[in-house]
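Trainee: As input, take my_file13.txt (compact mmCIF, C-alpha atoms and all ligand atoms):
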```txt
# COMPACT_ATOMS: atom_id res chain seq x y z
CA MET O 1 -1.48 21.99 -24.69
CA SER O 2 -0.56 23.55 -21.34
CA ASP O 3 -2.34 22.31 -18.24
CA ARG O 4 -4.03 25.65 -17.89
CA ARG O 5 -5.28 25.77 -21.47
CA ARG O 6 -6.34 22.17 -21.17
CA PHE O 7 -8.22 22.91 -17.99
CA MET O 8 -9.89 25.98 -19.52
CA LYS O 9 -10.94 23.85 -22.46
CA LEU O 10 -12.25 21.25 -20.07
CA SER O 11 -14.22 23.88 -18.17
CA VAL O 12 -15.90 25.09 -21.37
CA LEU O 13 -16.64 21.56 -22.50
CA GLY O 14 -17.73 20.74 -18.98
CA SER O 15 -20.26 23.58 -19.00
CA ALA O 16 -21.68 22.36 -22.30
CA ALA O 17 -21.80 18.80 -21.01
CA PHE O 18 -23.43 20.00 -17.80
CA LEU O 19 -26.22 21.62 -19.81
CA ALA O 20 -26.50 18.50 -21.94
CA GLY O 21 -26.59 16.43 -18.74
CA LYS O 22 -29.49 18.49 -17.43
CA HIS O 23 -31.27 17.89 -20.71
CA VAL O 24 -30.72 14.15 -20.39
CA MET O 25 -32.23 14.21 -16.91
CA ALA O 26 -35.17 16.35 -17.98
CA SER O 27 -36.10 14.25 -20.98
CA PRO O 28 -37.92 11.04 -20.10
CA GLN O 29 -37.25 9.53 -23.55
CA GLN O 30 -33.51 9.73 -22.94
CA GLU O 31 -33.58 8.19 -19.49
CA HIS O 32 -31.32 5.20 -19.12
CA LYS O 33 -33.45 2.10 -19.23
CA PRO O 34 -31.35 -0.67 -17.72
CA VAL O 35 -31.26 -3.84 -19.74
CA SER O 36 -29.92 -6.74 -17.78
CA VAL O 37 -27.70 -9.12 -19.72
CA LYS O 38 -28.68 -12.39 -18.16
CA GLY O 39 -26.43 -15.29 -18.95
CA HIS O 40 -23.37 -13.15 -19.75
CA PRO O 41 -21.40 -12.77 -16.54
CA ILE O 42 -18.47 -10.39 -16.35
CA VAL O 43 -16.06 -9.23 -13.66
CA ILE O 44 -13.77 -6.18 -13.71
CA SER O 45 -11.24 -5.02 -11.14
CA THR O 46 -8.57 -2.42 -10.54
CA TRP O 47 -4.91 -2.70 -11.58
CA ASP O 48 -2.95 -5.50 -13.26
CA PHE O 49 -3.23 -7.70 -10.18
CA GLY O 50 -6.99 -7.68 -10.82
CA LYS O 51 -6.38 -10.31 -13.48
CA ALA O 52 -5.57 -13.07 -10.97
CA ALA O 53 -8.40 -11.88 -8.75
CA ASN O 54 -10.81 -12.00 -11.69
CA GLU O 55 -9.77 -15.59 -12.42
CA ALA O 56 -10.71 -16.54 -8.84
CA ALA O 57 -14.01 -14.67 -9.15
CA TRP O 58 -14.66 -16.56 -12.37
CA GLU O 59 -14.58 -19.88 -10.51
CA VAL O 60 -17.89 -18.69 -9.07
CA LEU O 61 -19.30 -16.63 -11.96
CA GLY O 62 -18.43 -19.19 -14.65
CA LYS O 63 -20.52 -21.80 -12.87
CA GLY O 64 -23.56 -19.53 -12.66
CA GLY O 65 -22.77 -18.44 -9.08
CA ARG O 66 -23.76 -15.23 -7.33
CA ALA O 67 -21.81 -12.03 -8.02
CA LEU O 68 -21.49 -11.45 -4.26
CA ASP O 69 -19.67 -14.76 -3.77
CA ALA O 70 -17.53 -14.03 -6.82
CA VAL O 71 -16.28 -10.63 -5.68
CA GLU O 72 -15.50 -11.89 -2.19
CA ARG O 73 -13.58 -14.87 -3.62
CA GLY O 74 -11.79 -12.60 -6.11
CA VAL O 75 -10.47 -9.92 -3.77
CA LYS O 76 -9.29 -12.52 -1.27
CA VAL O 77 -6.48 -13.32 -3.74
CA PRO O 78 -4.58 -10.02 -3.33
CA GLU O 79 -5.57 -9.89 0.36
CA ALA O 80 -3.67 -13.13 0.98
CA ASP O 81 -0.72 -12.26 -1.28
CA PRO O 82 2.25 -11.09 0.84
CA THR O 83 3.94 -9.56 -2.22
CA ASN O 84 1.01 -7.20 -2.75
CA GLN O 85 1.87 -4.24 -0.55
CA SER O 86 -1.38 -2.34 -0.77
CA VAL O 87 -3.91 -4.94 0.30
CA GLY O 88 -4.24 -7.28 3.30
CA LEU O 89 -1.22 -9.38 4.29
CA GLY O 90 2.00 -7.54 3.38
CA GLY O 91 0.28 -4.15 3.14
CA ARG O 92 2.38 -1.09 3.88
CA PRO O 93 1.92 0.12 7.46
CA ASP O 94 0.87 3.47 8.82
CA ARG O 95 3.60 5.89 9.93
CA ASP O 96 3.85 4.11 13.30
CA GLY O 97 4.45 0.74 11.67
CA PHE O 98 0.96 -0.79 12.03
CA VAL O 99 -0.87 -2.41 9.11
CA THR O 100 -4.49 -1.22 9.25
CA LEU O 101 -7.06 -2.41 6.76
CA ASP O 102 -10.23 -1.00 5.19
CA ALA O 103 -12.81 -2.96 3.17
CA CYS O 104 -16.42 -2.96 2.07
CA ILE O 105 -18.83 -5.13 0.12
CA MET O 106 -22.25 -4.48 -1.43
CA ASP O 107 -24.80 -6.86 -2.95
CA GLU O 108 -27.66 -6.73 -5.44
CA ASN O 109 -30.20 -5.83 -2.75
CA TYR O 110 -28.47 -2.62 -1.56
CA LYS O 111 -27.18 -4.52 1.45
CA CYS O 112 -23.68 -3.54 2.46
CA GLY O 113 -21.03 -4.12 5.10
CA ALA O 114 -17.69 -2.54 5.92
CA VAL O 115 -14.73 -2.59 8.26
CA ALA O 116 -12.20 0.17 8.78
CA PHE O 117 -8.98 0.58 10.75
CA LEU O 118 -8.98 -3.19 11.25
CA GLU O 119 -5.71 -4.84 12.32
CA HIS O 120 -4.36 -8.42 12.28
CA ILE O 121 -6.95 -10.00 9.98
CA VAL O 122 -5.86 -11.26 6.55
CA HIS O 123 -9.33 -11.12 4.98
CA PRO O 124 -11.12 -7.90 5.96
CA ILE O 125 -13.52 -8.40 3.04
CA SER O 126 -14.96 -11.51 4.71
CA VAL O 127 -15.37 -9.61 7.98
CA ALA O 128 -17.18 -6.86 6.03
CA ARG O 129 -19.49 -9.49 4.56
CA LEU O 130 -20.24 -10.83 8.03
CA VAL O 131 -21.03 -7.31 9.25
CA MET O 132 -23.51 -7.10 6.36
CA GLU O 133 -25.07 -10.50 6.93
CA LYS O 134 -24.93 -10.98 10.71
CA THR O 135 -25.43 -7.51 12.21
CA PRO O 136 -27.99 -4.72 11.82
CA HIS O 137 -25.09 -2.35 11.06
CA VAL O 138 -23.08 -1.31 8.01
CA MET O 139 -19.65 -0.57 9.47
CA LEU O 140 -17.45 -1.69 12.34
CA VAL O 141 -14.08 -0.08 13.02
CA GLY O 142 -10.83 -0.64 14.89
CA GLU O 143 -10.83 -2.68 18.08
CA GLY O 144 -14.57 -3.40 17.82
CA ALA O 145 -14.16 -4.75 14.29
CA LEU O 146 -11.28 -6.93 15.49
CA GLN O 147 -13.30 -8.29 18.41
CA PHE O 148 -16.18 -9.04 16.04
CA ALA O 149 -13.81 -10.86 13.66
CA LEU O 150 -12.22 -12.93 16.44
CA ALA O 151 -15.63 -13.80 17.88
CA ASN O 152 -16.57 -15.12 14.43
CA GLY O 153 -13.60 -17.42 14.09
CA PHE O 154 -11.05 -15.26 12.28
CA LYS O 155 -7.43 -15.71 13.37
CA LYS O 156 -5.19 -12.91 14.65
CA GLU O 157 -2.05 -12.67 12.49
CA ASN O 158 0.97 -10.45 11.96
CA LEU O 159 0.42 -8.69 8.63
CA LEU O 160 3.68 -6.72 8.49
CA THR O 161 6.12 -8.55 6.20
CA GLU O 162 9.89 -8.04 6.38
CA LYS O 163 9.79 -6.23 3.03
CA SER O 164 7.11 -3.76 4.07
CA LYS O 165 8.90 -3.27 7.39
CA ALA O 166 12.19 -2.51 5.60
CA GLU O 167 10.51 0.02 3.32
CA TRP O 168 8.81 1.69 6.27
CA LYS O 169 12.16 1.98 8.10
CA GLU O 170 13.64 3.56 4.99
CA TRP O 171 10.72 6.00 4.86
CA LEU O 172 11.18 6.86 8.56
CA LYS O 173 14.58 8.40 7.78
CA GLU O 174 12.80 11.39 6.22
CA SER O 175 9.22 10.73 7.33
CA LYS O 176 7.82 12.96 4.61
CA TYR O 177 4.24 12.23 3.79
CA LYS O 178 2.39 13.90 0.99
CA PRO O 179 -0.06 11.83 -1.02
CA GLU O 180 1.24 12.51 -4.52
CA ALA O 181 0.52 10.42 -7.57
CA ASN O 182 2.37 7.09 -7.39
CA ILE O 183 3.95 7.97 -4.04
CA GLU O 184 4.19 4.28 -3.20
CA ASN O 185 6.39 3.71 -6.24
CA LYS O 186 8.88 6.36 -5.17
CA HIS O 187 9.35 4.88 -1.72
CA HIS O 188 9.50 1.40 -3.11
CA GLN O 189 12.38 2.34 -5.39
CA ASN O 190 14.51 3.39 -2.42
CA VAL O 191 14.60 -0.13 -1.09
CA GLN O 192 17.50 -2.37 -1.97
CA GLY O 193 16.66 -4.89 -4.66
CA SER O 194 13.62 -3.00 -5.90
CA LYS O 195 13.45 -1.87 -9.49
CA PRO O 196 11.69 1.27 -10.70
CA GLY O 197 8.16 0.33 -11.68
CA ASP O 198 8.04 -2.77 -9.47
CA ALA O 199 5.23 -1.26 -7.50
CA LYS O 200 3.26 0.01 -10.50
CA ASN O 201 0.53 -2.50 -9.97
CA HIS O 202 0.32 -2.30 -6.25
CA ASP O 203 -2.76 -0.52 -5.04
CA THR O 204 -6.27 -1.01 -3.69
CA ILE O 205 -8.38 -3.68 -5.30
CA GLY O 206 -11.91 -2.71 -6.23
CA MET O 207 -13.97 -5.33 -8.05
CA VAL O 208 -17.48 -5.26 -9.51
CA ALA O 209 -19.31 -8.13 -11.19
CA LEU O 210 -22.47 -9.07 -13.04
CA ASP O 211 -23.62 -12.67 -12.67
CA THR O 212 -25.54 -15.12 -14.88
CA ASN O 213 -28.75 -14.06 -13.19
CA GLY O 214 -28.15 -10.43 -14.16
CA ASP O 215 -27.37 -9.36 -10.59
CA MET O 216 -24.47 -7.14 -9.57
CA SER O 217 -22.20 -6.92 -6.51
CA GLY O 218 -18.91 -5.26 -5.60
CA ALA O 219 -16.02 -5.41 -3.14
CA CYS O 220 -13.17 -3.08 -2.26
CA THR O 221 -10.23 -3.79 0.07
CA THR O 222 -6.97 -2.04 0.92
CA SER O 223 -4.27 -1.29 3.45
CA GLY O 224 -4.82 2.36 2.53
CA MET O 225 -2.28 5.05 1.89
CA ALA O 226 1.20 4.00 2.91
CA TYR O 227 2.52 5.73 6.06
CA LYS O 228 -0.79 7.42 6.80
CA ILE O 229 -1.47 8.97 10.22
CA ARG O 230 -2.58 6.25 12.63
CA GLY O 231 -6.36 6.00 12.53
CA ARG O 232 -6.70 7.45 9.03
CA VAL O 233 -9.44 5.82 6.95
CA GLY O 234 -9.73 6.35 3.20
CA ASP O 235 -12.50 5.92 0.66
CA SER O 236 -12.23 2.16 0.28
CA PRO O 237 -14.53 1.11 3.17
CA ILE O 238 -16.97 4.00 2.64
CA ILE O 239 -20.07 2.90 0.76
CA GLY O 240 -20.68 5.46 -1.99
CA ALA O 241 -17.05 6.63 -2.02
CA GLY O 242 -14.84 3.57 -2.69
CA LEU O 243 -17.68 1.37 -3.92
CA TYR O 244 -21.32 1.56 -4.92
CA VAL O 245 -23.66 -0.97 -6.45
CA ASP O 246 -27.13 -0.18 -7.75
CA ASN O 247 -28.58 -3.32 -9.23
CA GLU O 248 -30.89 -1.30 -11.48
CA VAL O 249 -28.13 0.74 -13.08
CA GLY O 250 -24.57 -0.42 -12.50
CA ALA O 251 -21.64 -0.49 -10.12
CA ALA O 252 -18.45 1.53 -9.62
CA THR O 253 -15.31 1.45 -7.53
CA SER O 254 -12.26 3.64 -7.06
CA THR O 255 -8.55 3.63 -6.30
CA GLY O 256 -6.04 6.35 -5.46
CA VAL O 257 -6.06 9.14 -2.91
CA GLY O 258 -9.19 8.38 -0.92
CA GLU O 259 -9.65 11.89 0.46
CA GLU O 260 -10.31 13.16 -3.07
CA VAL O 261 -12.83 10.40 -3.70
CA ILE O 262 -14.68 10.92 -0.42
CA ARG O 263 -15.08 14.65 -1.13
CA ILE O 264 -17.16 13.94 -4.22
CA VAL O 265 -18.64 10.59 -2.99
CA GLY O 266 -17.05 9.26 -6.15
CA SER O 267 -18.44 5.79 -6.79
CA HIS O 268 -22.01 6.85 -6.06
CA LEU O 269 -21.51 9.81 -8.40
CA VAL O 270 -20.34 7.49 -11.18
CA VAL O 271 -23.39 5.24 -10.74
CA GLU O 272 -25.76 8.22 -10.69
CA LEU O 273 -24.16 9.52 -13.90
CA MET O 274 -24.77 6.12 -15.49
CA ARG O 275 -28.39 6.40 -14.34
CA GLN O 276 -28.57 9.67 -16.28
CA GLY O 277 -27.44 7.85 -19.39
CA TYR O 278 -23.67 8.28 -19.40
CA LYS O 279 -21.66 5.26 -20.49
CA PRO O 280 -19.29 3.80 -17.87
CA GLU O 281 -16.15 5.52 -19.20
CA GLU O 282 -17.95 8.85 -19.62
CA ALA O 283 -19.33 8.61 -16.09
CA CYS O 284 -15.85 7.88 -14.69
CA LYS O 285 -14.41 10.79 -16.68
CA LYS O 286 -17.03 13.18 -15.38
CA ALA O 287 -16.25 12.13 -11.80
CA VAL O 288 -12.54 12.79 -12.44
CA GLU O 289 -13.45 16.18 -13.93
CA ARG O 290 -15.45 16.94 -10.78
CA ILE O 291 -12.31 16.35 -8.70
CA ILE O 292 -10.31 18.63 -11.02
CA SER O 293 -12.93 21.37 -10.92
CA ARG O 294 -12.98 21.35 -7.10
CA ASN O 295 -9.22 21.74 -6.68
CA PRO O 296 -7.32 22.03 -9.99
CA GLU O 297 -3.86 22.49 -8.46
CA ASN O 298 -4.08 19.49 -6.14
CA ALA O 299 -5.61 17.35 -8.88
CA LYS O 300 -2.36 17.62 -10.85
CA ILE O 301 -0.33 15.76 -8.23
CA VAL O 302 -2.66 13.08 -6.89
CA GLN O 303 -3.92 9.92 -8.53
CA VAL O 304 -7.54 8.77 -8.59
CA GLY O 305 -8.99 6.11 -10.86
CA PHE O 306 -12.63 5.10 -11.29
CA LEU O 307 -13.88 1.84 -12.78
CA ALA O 308 -17.50 1.15 -13.70
CA LEU O 309 -19.72 -1.65 -14.99
CA SER O 310 -23.23 -1.04 -16.25
CA LYS O 311 -26.20 -3.31 -15.76
CA ASN O 312 -26.03 -4.18 -19.48
CA GLY O 313 -22.46 -5.45 -19.16
CA THR O 314 -20.58 -2.50 -20.68
CA TYR O 315 -17.60 -1.22 -18.72
CA GLY O 316 -15.06 1.57 -18.65
CA ALA O 317 -12.61 3.51 -16.52
CA TYR O 318 -10.91 6.87 -16.29
CA ALA O 319 -8.05 8.21 -14.16
CA LEU O 320 -6.63 11.57 -13.18
CA GLN O 321 -3.09 10.48 -14.07
CA LYS O 322 -1.54 8.13 -16.56
CA GLY O 323 -0.71 4.72 -15.10
CA PHE O 324 -4.05 3.26 -13.95
CA SER O 325 -4.94 -0.12 -15.40
CA TYR O 326 -7.81 -2.52 -14.90
CA ALA O 327 -8.58 -6.17 -15.58
CA VAL O 328 -11.62 -7.61 -17.36
CA LYS O 329 -12.82 -11.21 -17.47
CA ASN O 330 -15.87 -12.59 -19.24
CA GLY O 331 -16.79 -15.83 -21.01
CA ASN O 332 -14.51 -15.00 -23.95
CA GLU O 333 -11.42 -13.33 -22.60
CA SER O 334 -9.30 -12.20 -19.68
CA LYS O 335 -7.33 -9.01 -20.29
CA ILE O 336 -5.71 -5.93 -18.80
CA ILE O 337 -6.56 -2.48 -20.16
CA ASP O 338 -4.72 0.81 -19.65
CA ALA O 339 -7.32 3.34 -18.52
CA PRO O 340 -7.64 6.67 -20.32
CA TYR O 341 -6.47 9.59 -18.19
CA PHE O 342 -6.45 13.37 -17.92
CA TYR O 343 -2.86 14.24 -16.96
CA ASP O 344 0.35 12.66 -18.15
CA ASN O 345 2.74 13.32 -15.25
CA GLU O 346 5.08 10.61 -16.48
CA ALA O 347 5.86 12.78 -19.52
CA LYS O 348 7.32 15.54 -17.34
C1 LIG O 401 -7.15 4.93 0.25
N1 LIG O 401 -7.95 4.53 -1.98
O1 LIG O 401 -7.00 4.47 1.38
C2 LIG O 401 -7.24 3.96 -0.89
C3 LIG O 401 -5.89 3.41 -1.15
C4 LIG O 401 -5.26 3.62 -2.43
O2 LIG O 401 -3.27 4.41 -3.39
O3 LIG O 401 -5.87 3.39 -3.44
N2 LIG O 401 -4.00 4.07 -2.38
O4 LIG O 401 -7.19 6.13 0.03
```
Let me see the structure of the file written as structure tokens.
Ligand code: SD4

Mentor:
Amino acid sequence: MSDRRRFMKLSVLGSAAFLAGKHVMASPQQEHKPVSVKGHPIVISTWDFGKAANEAAWEVLGKGGRALDAVERGVKVPEADPTNQSVGLGGRPDRDGFVTLDACIMDENYKCGAVAFLEHIVHPISVARLVMEKTPHVMLVGEGALQFALANGFKKENLLTEKSKAEWKEWLKESKYKPEANIENKHHQNVQGSKPGDAKNHDTIGMVALDTNGDMSGACTTSGMAYKIRGRVGDSPIIGAGLYVDNEVGAATSTGVGEEVIRIVGSHLVVELMRQGYKPEEACKKAVERIISRNPENAKIVQVGFLALSKNGTYGAYALQKGFSYAVKNGNESKIIDAPYFYDNEAK
């Protein structure tokens, strides 16, 4: 089916679903009644590298610990991994060669903290948690966020690895920046010693978890879009865009081109759709469809993926483009799942 026919079909289906959605909201009997699954913890996170992060989160969750502690512990794994070029140490720099980090965290009591445009700190997620717990604010940015981190005992470090520096220098030769789907992969492949597909799993980590007590929390951390304009901040540190947790309903997080996610306040939208009764995958799909409906042409060339966990422990994801994966860990298994998607650009 051509993209256009597919989109037309989607629009028609979307209209029907929209009417159905209104009906769901209007009918009290069909309202989503959250059922907490106490005693059955679960953690899910974006991309293949989420698997190792989930294992770290499980060290907390598996012992009956708090989801908040689990998600912080979990996302610190890719943050500290110099081979992961989209998060923390080793992240790809902005177009001027500076690694700038964005992160946010949210707990079961609607408390949240965030940092954006933060430099030199390996674990922005822990700074975000301190903003949440030790200040009356939600977000600190740039130099102020750095000062706050240093005042609280964090160490100033160089986050630009030789590999990320070499790739950036390669990119500088043409200095073309357009946030297409999998743009990081294309640049990565230009660098000596890199194989096509090496960077497939390199992207933002978003993680959401449900603990033994039936409480939910989430964390999201990234170095943002590679070679962005200095000062650019994406969706990842924006509560409601890159992450949202509503302990009555569920939690969601996102990855991909943050500008698209911010425009629809994506993660909050996914959670609100779950509140209306949509299952996690359906809610993620509807958020993706919202992006498509707002700008169908642009939606064909950018990647966005949503991942959601409901209060009753069910989960799901959906992406604009083929290629988004996520990791799931519970008491029985630890696995990686390829997310369903709308466009298959790889087939072209
Ligand atoms: C951002 N969503 O800064 C993040 C980063 C990302 O592919 O996922 N890049 O827009």

Trainee: Quick one: residues within 12 Å of Glu333 (chain O), all atoms listed in the file counted, chain neighbours fewer than 5 positions away excluded, as JSON, numbers by chain?

Mentor: {"O": [41, 42, 43, 44, 51, 54, 55, 58, 327, 328]}

Trainee: Rank nothing, just name the residue among O:Glu157, O:Glu133, O:Asp48, O:Glu143 nearest to Pro78 (chain O), using only C-alpha atoms.

Mentor: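 Counting only C-alpha atoms, the residue closest to Pro78 (chain O) is O:Asp48.
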
Trainee: List as a VMD selection string the protein and nucleic acid residues lying within 9 Å of ligand LIG 401 (chain O), with only C-alpha atoms and all ligand atoms counted.

Mentor: chain O and resid 86 to 87 101 to 102 179 181 to 184 202 to 205 221 to 226 228 232 to 237 242 254 to 262 303 to 305

Trainee: Based on the selection just made, write C-alpha atoms of those residues as a compact mmCIF listing (two decimals), keeping the file's coordinate frame.

Mentor:
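Writing done, so here's again_27.txt:
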```txt
# COMPACT_ATOMS: atom_id res chain seq x y z
CA SER O 86 -1.38 -2.34 -0.77
CA VAL O 87 -3.91 -4.94 0.30
CA LEU O 101 -7.06 -2.41 6.76
CA ASP O 102 -10.23 -1.00 5.19
CA PRO O 179 -0.06 11.83 -1.02
CA ALA O 181 0.52 10.42 -7.57
CA ASN O 182 2.37 7.09 -7.39
CA ILE O 183 3.95 7.97 -4.04
CA GLU O 184 4.19 4.28 -3.20
CA HIS O 202 0.32 -2.30 -6.25
CA ASP O 203 -2.76 -0.52 -5.04
CA THR O 204 -6.27 -1.01 -3.69
CA ILE O 205 -8.38 -3.68 -5.30
CA THR O 221 -10.23 -3.79 0.07
CA THR O 222 -6.97 -2.04 0.92
CA SER O 223 -4.27 -1.29 3.45
CA GLY O 224 -4.82 2.36 2.53
CA MET O 225 -2.28 5.05 1.89
CA ALA O 226 1.20 4.00 2.91
CA LYS O 228 -0.79 7.42 6.80
CA ARG O 232 -6.70 7.45 9.03
CA VAL O 233 -9.44 5.82 6.95
CA GLY O 234 -9.73 6.35 3.20
CA ASP O 235 -12.50 5.92 0.66
CA SER O 236 -12.23 2.16 0.28
CA PRO O 237 -14.53 1.11 3.17
CA GLY O 242 -14.84 3.57 -2.69
CA SER O 254 -12.26 3.64 -7.06
CA THR O 255 -8.55 3.63 -6.30
CA GLY O 256 -6.04 6.35 -5.46
CA VAL O 257 -6.06 9.14 -2.91
CA GLY O 258 -9.19 8.38 -0.92
CA GLU O 259 -9.65 11.89 0.46
CA GLU O 260 -10.31 13.16 -3.07
CA VAL O 261 -12.83 10.40 -3.70
CA ILE O 262 -14.68 10.92 -0.42
CA GLN O 303 -3.92 9.92 -8.53
CA VAL O 304 -7.54 8.77 -8.59
CA GLY O 305 -8.99 6.11 -10.86
```

Trainee: So how far away is CA of Met207 (chain O) from CA of Gly74 (chain O), in Å?

Mentor: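 Pair CA of Gly74 (chain O) / CA of Met207 (chain O) returns 7.8 Å.
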
Trainee: Pick out the residues sitting within 10 Å of Asp338 (chain O), and hand them over as a list in words; count only C-alpha atoms, and ignore anything fewer than 5 positions along from it in its own chain.

Mentor: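 In the requested format, the answer is Trp47, Asp48, Ala317, Tyr318, Ala319, Lys322, Gly323, Phe324, Ser325, Tyr326 and Ala327 of chain O.
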
Trainee: Nearest to Leu61 (chain O) among O:Met216, O:Val249, O:Cys104, O:Ala116, with distances taken over all atoms listed in the file: which residue is it?

Mentor: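 Under the stated criterion, the closest residue is O:Met216.
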
Trainee: As JSON, please report the centre and edge lengths, rounded to one decimal in Å, of the axis-aligned box that holds all listed atoms of region 204-217 of chain O with 5 Å of padding on each of the six sides.

Mentor:
```
{"center_x": -17.5, "center_y": -8.1, "center_z": -9.3, "size_x": 32.5, "size_y": 24.1, "size_z": 21.2}
```

Trainee: Go ahead and compute the interatomic distance for CA of Gly144 (chain O) and CA of Trp168 (chain O), in Å to one decimal.

Mentor: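 That distance, rounded to one decimal, is 26.6 Å.
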
Trainee: Of the residues O:Glu119, O:Asp107, O:Glu72, O:Glu174, which is the one nearest to Gly250 (chain O), using only C-alpha atoms?

Mentor: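 Of O:Glu119, O:Asp107, O:Glu72, O:Glu174, the one nearest Gly250 (chain O), counting only C-alpha atoms, is O:Asp107.
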
Trainee: What's the separation between CA of Met106 (chain O) and CA of Arg129 (chain O), in Å to one decimal place?

Mentor: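 Result for CA of Met106 (chain O) versus CA of Arg129 (chain O): 8.3 Å, one decimal.
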
Trainee: Using only C-alpha atoms, what residues lie at most 9 Å away from (-21.3, 0.1, 10.4) (file coordinates), given as a list in words?

Mentor: Gly113, Ala114, Val115, Val131, Met132, Thr135, Pro136, His137, Val138, Met139, Leu140 and Val141 of chain O

Trainee: Please provide the set of residues having any atom within 7 Å of His120 (chain O), restricted to all atoms listed in the file, with same-chain residues fewer than 2 positions apart removed, written as a list in words.

Mentor: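 So the residues in contact are Val122, Lys156, Glu157, Asn158 and Leu159 of chain O.
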
Trainee: Got a sec: who's within 9 Å of Leu269 (chain O), counting only C-alpha atoms, leaving out chain neighbours fewer than 3 positions off, as a ChimeraX atom specification?

Mentor: /O:240-241,244,252,264-266,272-274,283-284,286-287

Trainee: Counting only C-alpha atoms, which of O:Asn213, O:Ser45, O:Asn109, O:Gln321 gets nearest to Gly64 (chain O)?

Mentor: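 That would be O:Asn213, the residue with the smallest distance to Gly64 (chain O).
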